[in-house]
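Asker: Supplied in structure tokens, the structure appears directly below.
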Amino acid sequence: MQGNLGTIDIGILALYSCVLVGMGVYYKRKCRTAEQFMVADRTIPAWAAGLAVMSAYTSSISYIATPGKAFDANWHPMIFALCIFPVAWLVCKYAVPYYRETRLISVYSFLEDRLGSWGRLYAAFAFVLYMIGRAAVILYLASLLLSTFVPWNIAIVIIIIGLITIVYTLLGGMEAVIWTDVMQSIIMIAGLLFCAVSLSMHVFSGPEPLIQAAIDNDKFSLGSLKLTLASQQHLADRTIWVMIIYGITEALRSLLADQNYVQKYCSVPTTREATRSIWIAMLIYIPLTAVFLYIGTMLFAFYSNSNELQSVPSLLNEQGEVIGDKIFPYYIAMEVPTGLKGLIVAAIIAAAMSTVDSALNCSATVLLLDFHKRYLKPDISEQASVVFLRGATVVWGLLGTGAALLMIRARSILDVWWQISGIFGGALLGLFILSFLRIRLRLWHGLVSIGVSIVVISWGTFARDLPASWQWAQCNLDGIIVGAAGTAALMVVACLFGLLNRGKDIRA
């Protein structure tokens with residue numbers, strides 16, 4: 001399937017790319033010190049930081065894969081979004097004030113204060129690897145869309161989007177990241193609302209509204225109520241309890257332990273504004289998730305009385321099933337008029353870039369503060385720090401782009417992303433919870449706890465579909481909560497060690 005972009009559409013995309021690079025050039029003059037590059041001298045208003053935090057949550061993963069999940073299954077990702085409410089309250093009450101009072105830039109320095117240098121080193125290393133995976137998934141999804149409209153190989157599209165993002169991020173630092181995120185958020189929301197309205201007009205019109213097909217197939221369900229955490233044969237049978245566990249652990253990891261989010265709400269002047277920025281982000285993200293899912297359900301209804309999708313080989317997997325991740329791009333290519341099509345494609349690319357630029361900036365920050373400055377050159381000059389930050393942005397951008405090229409053959413991108421999140425995020429969250437609970441650990445206690453977490457996560461990830469003689473060792477947990485299982489394992493082992501250490505002098 002190959003759609004067509006008109007001259008107006010191509011002009012919109014070209015103009016959008018030029019504006020992004022232009023903003024990077026403009027903010028370069030304000031990016032002369034390391035602190036300006038990393039936290040924009042803490043001068044960002046709360047509403048802008050809030051939109052930037054929201055855009056980090058709402059990437060091309062949401063724009064393409066979340067409607068795809070609703071098309072394939074139901075509204076179970078909505079549970080994930082709703083779990084943000086209690087977590088945001090906890091983070092705003094306990095974590096944000098501490099982070100702000102200590103004026104930290106790298107959130108992983110907090111782990112060194114509470115656990116020791118080993119905790120900081122492991123967490124920072126896990127984060128930068130995690131950012132490569134995140135950038136890869138997001139670049140792939142945006143390129144999947146754009147390759148639908150241009151006669152280029154998807155690999156070429158991935159490289160182009162990756163390079164544009166690298167250029168404006170390395171030039172303008174965090175200030176360019178946040179203000180381009182603000183612009184991209186507005187474009188993204190406008191494109192999303194247009195698609196929702198357009199689909200509704202098709203689905204609800206006529207004497208027999210197509211929406212009935214979605215209702216008959218239980219597409220508005222939030223998931224099964226069965227008391228099980230096991231993986232299900234069909235996505236529609238994924239349980240609410242799985243999504244609650246995943247939603248809480250992922251929201252905690254994001255707002256408490258993810259440099260992407262912490263660095264943004266540490267870029268505002270005061271603690272009160274940092275708290276406001278988080279609530280602004282969450283109060284936009286949750287209804288947006290509902291709109292994403294609504295679009296996926298409307299797409300199912302729209303194509304329910306047609307064999308059109310079955311006649312397009314590029315939309316089908318090897319079993320002849322429609323691939324949900326490809327439905328929204330197909331709809332845009334076939335149904336959206338010229339001009340508006342360019343705006344919507346720009347909106348999805350904006351969603352991707354607004355997350356990738358943050359990943360690159362924050363990875364560079366962690367590489368400077370937690371590795372280079374902490375262990376290699378503590379007395380590094382201001383000018384050398386900025387050069388290092390820009391160089392790290394380029395290197396990590398190229399690694400993320402390379403990893404995106406490896407994801408071209410993946411089937412369900414949202415599931416791949418959820419598994420990546422669990423693998424790299426499990427032990428990371430556990431260390432932050434231990435730090436806030438002030439659990440006292442020796443070095444070898446911490447290493448054993450992390451080791452147990454890695455073993456559990458590896459078991460949950462790879463011990464699948466084992467031969468009959470190895471069924472006793474098979475993991476039947478739903479794959480997206482493997483990270484939560486790893487967090488729980490780390491917490492149990494570490495708390496046992498903590499009990500042994502009570503009253504003893506544990507030096508960090």
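Every chain in the structure tokens takes a letter, A first, then B, and so on in the order presented; its residues are numbered from 1, and the ligands are numbered from 1 following the presented order.
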Can you list, as a list in words, every protein, DNA or RNA residue that comes within 9 Å of Leu429 (chain A) when you count only C-alpha atoms, leaving out same-chain residues fewer than 3 positions away?
Answerer: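 Here the answer would be Ala123, Thr249, Glu250, Leu252, Arg253, Ser254, Leu256, Ala257, Asp258, Gly425, Gly426, Phe432, Ile433, Leu434, Ala484 and Thr487 of chain A.
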Asker: Store the residues of this selection in a file with C-alpha atoms, as a PDB file, in the first residue's frame.
Answerer:
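Saved file again_32.pdb follows:
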```
ATOM      1  CA  ALA A 123      20.617   3.124  37.480  1.00  0.00           C
ATOM      2  CA  THR A 249       4.837   0.592  38.254  1.00  0.00           C
ATOM      3  CA  GLU A 250       5.376   2.401  34.945  1.00  0.00           C
ATOM      4  CA  LEU A 252       6.166   5.462  39.319  1.00  0.00           C
ATOM      5  CA  ARG A 253       9.210   4.665  37.203  1.00  0.00           C
ATOM      6  CA  SER A 254       8.490   7.563  34.863  1.00  0.00           C
ATOM      7  CA  LEU A 256      10.055   9.146  40.160  1.00  0.00           C
ATOM      8  CA  ALA A 257      13.044   7.558  38.450  1.00  0.00           C
ATOM      9  CA  ASP A 258      13.138   8.642  34.798  1.00  0.00           C
ATOM     10  CA  GLY A 425      12.931  -0.293  34.271  1.00  0.00           C
ATOM     11  CA  GLY A 426      12.310  -3.032  36.841  1.00  0.00           C
ATOM     12  CA  PHE A 432      14.347   4.455  44.066  1.00  0.00           C
ATOM     13  CA  ILE A 433      11.699   2.941  46.317  1.00  0.00           C
ATOM     14  CA  LEU A 434      14.443   1.549  48.570  1.00  0.00           C
ATOM     15  CA  ALA A 484       7.023  -5.279  38.019  1.00  0.00           C
ATOM     16  CA  THR A 487      10.924  -4.790  41.051  1.00  0.00           C
TER      17      THR A 487
END
```
Asker: Could you list, as a ChimeraX atom specification, every residue within 9 Å of Gly320 (chain A), counting only C-alpha atoms and ignoring same-chain residues fewer than 5 positions away?
Answerer: /A:310,313,315
Asker: Those same residues, written as a PDB file, in the first residue's frame with N, CA and C atoms?
Answerer:
```
ATOM      1  N   GLN A 310      -8.373  -6.771   3.908  1.00  0.00           N
ATOM      2  CA  GLN A 310      -7.883  -8.088   3.520  1.00  0.00           C
ATOM      3  C   GLN A 310      -7.277  -8.095   2.121  1.00  0.00           C
ATOM      4  N   PRO A 313      -2.119  -6.585   0.970  1.00  0.00           N
ATOM      5  CA  PRO A 313      -1.145  -7.515   1.581  1.00  0.00           C
ATOM      6  C   PRO A 313      -0.234  -6.866   2.622  1.00  0.00           C
ATOM      7  N   LEU A 315      -0.869  -4.891   4.868  1.00  0.00           N
ATOM      8  CA  LEU A 315      -1.520  -4.726   6.170  1.00  0.00           C
ATOM      9  C   LEU A 315      -1.647  -6.040   6.921  1.00  0.00           C
TER      10      LEU A 315
END
```
Asker: List the neighbours of region 391-398 of chain A out to 9 Å using only C-alpha atoms; skip same-chain residues closer than 5 positions along the sequence, and give me the result as a list in words.
Answerer: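 Contacts, with the query itself left out: Val128, Met131, Ile132, Ala135, Ile159, Gly162, Leu163, Thr165, Ile166, Val167, Thr169, Leu170, Val356, Asp357, Ala359, Leu360, Asn361, Cys362, Ser363, Ala364, Thr365, Leu367, Leu368, Val386 and Ala403 of chain A.
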Asker: Interatomic distance between CA of Pro67 (chain A) and CA of Ile480 (chain A)?
Answerer: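 If I compute the distance from CA of Pro67 (chain A) to CA of Ile480 (chain A), I get 18.0 Å.
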Asker: Hey, what's within 12 Å of Leu343 (chain A) if we count only C-alpha atoms and toss same-chain stuff fewer than 4 positions away? As a PyMOL selection string, please?
Answerer: chain A and resi 5-6+8-16+184+186-195+332+336-339+347-350
Asker: Using only C-alpha atoms, which of A:Ala468, A:Leu141, A:Cys495, A:Ile286 sits nearest Gly68 (chain A)?
Answerer: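 Comparing A:Ala468, A:Leu141, A:Cys495, A:Ile286 against Gly68 (chain A), the winner is A:Leu141.
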Asker: Considering only C-alpha atoms, can you say which of A:Ile79, A:Met183, A:Met174, A:Leu51 comes closest to Leu20 (chain A)?
Answerer: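 For Leu20 (chain A), the nearest of the candidates is A:Met183.
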Asker: Taking 6 positions as the minimum chain separation for residues in the same chain, which residues sit within 9 Å of Phe300 (chain A) when counting only C-alpha atoms? Answer as a PyMOL selection string.
Answerer: chain A and resi 70-72+211+213-214+219+327
Asker: Quick one: write out the picked residues with C-alpha atoms as a CSV table (one decimal), in the first residue's frame?
Answerer:
```csv
chain,number,residue,atom,x,y,z
A,70,ALA,CA,-7.9,-0.7,20.4
A,71,PHE,CA,-8.4,-2.0,16.9
A,72,ASP,CA,-6.9,-5.4,17.8
A,211,ILE,CA,-20.5,1.8,15.7
A,213,ALA,CA,-20.0,-3.5,15.1
A,214,ALA,CA,-17.6,-2.2,17.7
A,219,LYS,CA,-14.4,-3.1,21.8
A,327,ILE,CA,-4.4,0.7,10.4
```
Asker: Which residues are near Ile439 (chain A)? Cut-off 9 Å, only C-alpha atoms, ignore same chain within fewer than 6 positions. Put them as a VMD selection string.
Answerer: chain A and resid 114 to 115 433 494 to 495 497 to 499 501 to 502
Asker: Give me the residues near His202 (chain A) as a JSON list (two decimals) with N, CA and C atoms, in the first residue's frame, where near means some atom within 10 Å (using only C-alpha atoms) and where sequence neighbours in that chain fewer than 4 positions away do not count.
Answerer:
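The resulting file, selection-v3.json, is reproduced below:
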```json
[["chain", "number", "residue", "atom", "x", "y", "z"],
["A", 197, "VAL", "N", -12.91, 13.48, 14.96],
["A", 197, "VAL", "CA", -14.15, 14.05, 14.43],
["A", 197, "VAL", "C", -14.48, 13.46, 13.06],
["A", 198, "SER", "N", -13.48, 13.36, 12.21],
["A", 198, "SER", "CA", -13.69, 12.83, 10.87],
["A", 198, "SER", "C", -14.21, 11.39, 10.91],
["A", 206, "GLY", "N", -25.62, 7.52, 8.58],
["A", 206, "GLY", "CA", -26.33, 6.45, 7.90],
["A", 206, "GLY", "C", -27.42, 5.85, 8.76],
["A", 209, "PRO", "N", -25.76, 2.83, 11.89],
["A", 209, "PRO", "CA", -24.42, 3.29, 12.27],
["A", 209, "PRO", "C", -23.44, 2.13, 12.43],
["A", 210, "LEU", "N", -22.22, 2.33, 11.93],
["A", 210, "LEU", "CA", -21.19, 1.29, 11.99],
["A", 210, "LEU", "C", -20.71, 1.01, 13.40],
["A", 211, "ILE", "N", -20.99, 1.94, 14.32],
["A", 211, "ILE", "CA", -20.51, 1.77, 15.69],
["A", 211, "ILE", "C", -21.04, 0.49, 16.33],
["A", 298, "MET", "N", -13.08, 3.39, 16.44],
["A", 298, "MET", "CA", -13.78, 3.90, 15.26],
["A", 298, "MET", "C", -13.21, 3.31, 13.97],
["A", 299, "LEU", "N", -11.91, 3.07, 13.95],
["A", 299, "LEU", "CA", -11.31, 2.45, 12.77],
["A", 299, "LEU", "C", -11.84, 1.03, 12.59],
["A", 301, "ALA", "N", -14.77, -0.04, 13.57],
["A", 301, "ALA", "CA", -16.14, 0.10, 13.10],
["A", 301, "ALA", "C", -16.17, 0.52, 11.63],
["A", 302, "PHE", "N", -15.30, 1.45, 11.27],
["A", 302, "PHE", "CA", -15.28, 1.99, 9.90],
["A", 302, "PHE", "C", -15.03, 0.90, 8.86]]
```
Asker: I'd like to know which residues of region 168-267 of chain A are alpha helix (DSSP H) (by DSSP, run on the backbone); could you write them as a VMD selection string?
Answerer: chain A and resid 168 to 203 211 to 216 240 to 257 259 to 265
Asker: From a DSSP calculation on the backbone, collect every residue of region 214-460 of chain A in strand (DSSP E or B) and output the set as an MDAnalysis selection string.
Answerer: chainID A and resid 224 230 239 316 322
Asker: Please, what distance in Å, to one decimal, runs between CA of Phe110 (chain A) and CA of Val452 (chain A)?
Answerer: 22.5 Å
Asker: Point out the residue among A:Trp47, A:Tyr246, A:Phe292, A:Tyr98 with the least atom-to-atom distance to Gly483 (chain A), counting only C-alpha atoms.
Answerer: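 Smallest separation from Gly483 (chain A) among the options: A:Tyr246.
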Asker: Report, in Å to a single decimal, how far apart CA of Gly133 (chain A) and CA of Val448 (chain A) are.
Answerer: 25.5 Å
Asker: Which is closer to Thr148 (chain A) than all the others in A:Ser449, A:Thr289, A:Ser314, A:Thr355, using only C-alpha atoms?
Answerer: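 Distance minimum relative to Thr148 (chain A) lands on A:Ser314.
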Asker: Measuring atom to atom with only C-alpha atoms, identify which of A:Ala65, A:Ala46, A:Ala176, A:Val157 is nearest to Gly22 (chain A).
Answerer: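 Counting only C-alpha atoms, the residue closest to Gly22 (chain A) is A:Ala176.
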Asker: Using only C-alpha atoms, which of the listed residues (A:Arg134, A:Arg238, A:Lys377, A:Lys341) sits closest to Asn260 (chain A)?
Answerer: A:Arg134
